[in-house]
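Student: First the structure, then my questions, so here it is.
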Amino acid sequence: MRIVRTTSDLPSSIFEWVSSPRWREAVTATAKVALDKAACLLRFTANMSLPPTEWLRIVTEIDAATQLWAERGWFDRPRAYHRSPEAPARVTLMHATSRRLKFRHLRFLSGYEPHADEPGRARWLGHVPNRTAHAWVFRHPGRPRPWLMCIHGYSFGMPFVDLDAFRVDWLHNSLGLNVILPVLPLHGPRRISWQSGDGFFRGDVLDTLHAEAQAVWDARRLLAWLRADGADCIGVYGLSLGGYTAAVLAALEPELACVIAGIPASDFVRLAQLHIPAFTQRLATQAGLQWNDVTRLYRVISPLVLEPCVPLERRYIFGGRADCIVPPEQVSAIWECWGRPRIAWYDGSHLSFLWEPAAESFVTEALHATFGSAGLAEVERAAA
């Protein structure tokens with residue numbers, strides 16, 4: 001049947017159509033999704049093409065790790081995989097500036113090592129730049145203030161992107177918080193190739209596991225350093241891969257004032273199946289890779305397995321309904337695992353969180369709810 005529209009159903013001119021709110025919304029939504037798609041093509045598809053011989057090695061390492069996990073009881077007690085680090089005995093703090101913001105560039109020896117018998121240990125320790133941990137530190141002089149640890153996403157780890165992603169100027173100067181931003185393994189000054197983050201999600205199963213385990217170790221080491229220096233109120237805010245890491249910290253650090261997981265990944269295996277090219281997945285399967293075996297190994301770093309010990313009212317999550325990098329179901333999975341805490345959804349993609357008012361207002365509310373009793377309102381009045 002042919003549908004005939006009357007002229008009253010159509011815009012009177014192309015200009016009227018282009019300037020209509022519906023057209024602008026459609027163009028904006030398409031642009032947001034296109035941004036995610038471009039990022040996937042450049043950062044995931046292009047960096048996960050391993051030769052067949054590499055997949056054979058990876059499968060051999062998975063088999064050996066599976067046996068070790070079973071012997072150590074880590075399948076049943078994944079929390080036991082994580083050792084509690086001490087505060088670094090020695091740190092260096094150098095003055096630095098980015099986007100007219102002055103801060104301190106902190107360095108210390110990470111001290112992280114995979115367990116003695118873990119497959120891939122020697123390879124991981126061979127990444128020399130990764131042995132030094134880095135963080136960007138924004139600290140007010142004078143009386144103690146609340147701290148917020150901001151954990152960046154995949155391929156970030158440089159001041160000029162991290163400071164904008166977390167709106168550090170607002171956090172530090174407007175809200176009056178002390179802010180510390182750790183650099184994730186293999187990122188920024190810790191990178192092992194020209195691109196920040198290369199090696200974290202290359203497809204090498206044990207490397208990804210060690211990268212996330214070290215991310216958690218380094219963050220806990222910084223938390224210990226802050227507490228040894230007198231900090232008694234510390235929240236954690238992570239974005240994307242940083243949101244995943246923040247969710248793991250919520251299972252290991254019960255004293256955190258809050259944990260905000262923004263656009264968080266929750267399942268590395270499902271993300272790999274979503275983003276790794278089909279031909280690469282066929283090579284992996286032909287080499288004997290079983291995704292269920294990888295999922296079992298990743299129990300020790302999974303926020304869907306490690307139960308949170310931070311109280312329910314201190315957990316916050318937000319995600320994008322049109323996210324093409326971390327699909328909404330990954331965000332919902334953490335929300336369910338966390339006991340359905342406060343959650344916010346914005347009508348945008350993964351990377352569009354940078355200019356989404358719903359995400360910004362949600363984080364603002366979470367910080368006020370968390371730090372209000374610690375004097376955040378008083379700090380704001382003083383800053384004004």
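Going through the structure tokens in order, the chains are called A, B, and so on, while each chain numbers its residues from 1 and the ligands are numbered from 1 in the order shown.
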Quick one: pick out all helix (DSSP H, G or I) residues within segment 31-244 of chain A from a backbone DSSP run and write them as a PyMOL selection string.
Tutor: chain A and resi 31-43+45-47+52-72+78-81+121-125+128-131+159-165+168-174+188-190+205-228+241-244
Student: Set the distance at 6 Å and use only C-alpha atoms: which residues neighbour segment 258-272 of chain A once local chain neighbours fewer than 6 positions away are removed? I'd like the list as a PyMOL selection string.
Tutor: chain A and resi 235-240+243-244+314-319+326+330-331
Student: Please produce a file of those selected residues containing N, CA and C atoms, as a compact mmCIF listing (two decimals), in the first residue's frame.
Tutor:
# COMPACT_ATOMS: atom_id res chain seq x y z
N GLY A 235 37.60 9.36 48.32
CA GLY A 235 36.67 8.76 47.37
C GLY A 235 37.40 8.36 46.10
N VAL A 236 36.77 7.50 45.30
CA VAL A 236 37.35 7.06 44.03
C VAL A 236 36.33 7.26 42.92
N TYR A 237 36.80 7.82 41.81
CA TYR A 237 35.95 8.09 40.65
C TYR A 237 36.70 7.58 39.42
N GLY A 238 36.13 6.58 38.74
CA GLY A 238 36.78 6.01 37.56
C GLY A 238 35.91 6.12 36.33
N LEU A 239 36.56 6.25 35.18
CA LEU A 239 35.86 6.34 33.90
C LEU A 239 36.28 5.19 32.99
N SER A 240 35.30 4.45 32.44
CA SER A 240 35.54 3.40 31.47
C SER A 240 36.41 2.30 32.08
N GLY A 243 36.64 2.99 35.49
CA GLY A 243 35.44 2.60 36.21
C GLY A 243 35.48 1.14 36.61
N TYR A 244 36.02 0.30 35.73
CA TYR A 244 36.22 -1.11 36.04
C TYR A 244 37.16 -1.25 37.24
N ARG A 314 27.21 4.31 49.33
CA ARG A 314 28.41 5.01 48.85
C ARG A 314 28.78 4.59 47.42
N ARG A 315 27.93 3.83 46.76
CA ARG A 315 28.21 3.36 45.40
C ARG A 315 27.36 4.14 44.41
N TYR A 316 28.01 4.58 43.32
CA TYR A 316 27.32 5.37 42.29
C TYR A 316 27.78 4.89 40.91
N ILE A 317 26.84 4.88 39.96
CA ILE A 317 27.14 4.41 38.60
C ILE A 317 26.43 5.31 37.60
N PHE A 318 27.08 5.60 36.48
CA PHE A 318 26.37 6.23 35.37
C PHE A 318 26.86 5.65 34.05
N GLY A 319 25.98 5.68 33.05
CA GLY A 319 26.31 5.11 31.75
C GLY A 319 25.55 5.79 30.63
N VAL A 326 31.45 0.57 25.50
CA VAL A 326 31.03 -0.23 26.65
C VAL A 326 29.50 -0.26 26.63
N GLN A 330 26.80 -3.80 30.04
CA GLN A 330 27.97 -3.93 30.91
C GLN A 330 27.79 -3.05 32.16
N VAL A 331 27.25 -1.86 31.97
CA VAL A 331 26.99 -0.97 33.09
C VAL A 331 25.90 -1.57 33.99
Student: Which residue gives the smallest distance to His152 of chain A among A:Asp76, A:Asp164, A:Glu86, A:Glu113, with only C-alpha atoms counted?
Tutor: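 Going through A:Asp76, A:Asp164, A:Glu86, A:Glu113 one by one, the smallest distance to His152 of chain A is for A:Asp164.
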Student: Fewer than 5 positions away in the same chain doesn't count, so skip those; otherwise give me all residues within 12 Å of Cys309 of chain A, counting only C-alpha atoms, as JSON, numbers by chain.
Tutor: {"A": [79, 247, 248, 249, 250, 251, 252, 253, 254, 255, 256, 257, 258, 259, 303, 314, 315, 337, 338, 339]}
Student: Determine, counting only C-alpha atoms, which protein, DNA and RNA residues have an atom within 12 Å of an atom of Ser361 of chain A; residues of the same chain fewer than 6 positions away are not included. Present the result as a list in words.
Tutor: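 Selected residues are Phe318, Ile343, Ala344, Trp345, Tyr346, Phe353, Trp355, Leu367 and His368 of chain A.
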Student: When you draw a straight line from atom CA of Thr132 of chain A to atom CA of Phe108 of chain A, how long is it in Å?
Tutor: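 For atom CA of Thr132 of chain A relative to atom CA of Phe108 of chain A, the distance reads 5.8 Å.
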Student: Which residue, A:Pro327, A:Gly320, A:Gly120, A:Pro159, has the smallest gap to Phe138 of chain A when you use only C-alpha atoms?
Tutor: A:Pro159
Student: Any idea what the distance is between atom CA of Gly142 of chain A and atom CA of Arg220 of chain A?
Tutor: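 Taking atom CA of Gly142 of chain A as the start and atom CA of Arg220 of chain A as the end point, the length is 24.9 Å.
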Student: Expressed in Å to a single decimal, how great is the separation between atom CA of Asp323 of chain A and atom CA of Gln214 of chain A?
Tutor: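 Between atom CA of Asp323 of chain A and atom CA of Gln214 of chain A the gap works out to 26.9 Å.
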Student: Can you list, as a VMD selection string, all residues belonging to segment 55-252 of chain A that DSSP tags as strand (DSSP E or B)?
Tutor: chain A and resid 92 to 98 101 to 109 132 to 138 147 to 151 178 to 182 234 to 239
Student: My list of candidates is A:Gln195, A:Glu307, A:Ala116, A:Phe156. Which is closest to Ala65 of chain A when distances are computed with only C-alpha atoms?
Tutor: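 Of all the options, A:Ala116 lies closest to Ala65 of chain A.
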Student: Which of these, A:Ala366, A:Ile180, A:Ala96, A:Leu297, has the shortest distance to Glu61 of chain A once you count only C-alpha atoms?
Tutor: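 Of A:Ala366, A:Ile180, A:Ala96, A:Leu297, the one nearest Glu61 of chain A is A:Leu297, counting only C-alpha atoms.
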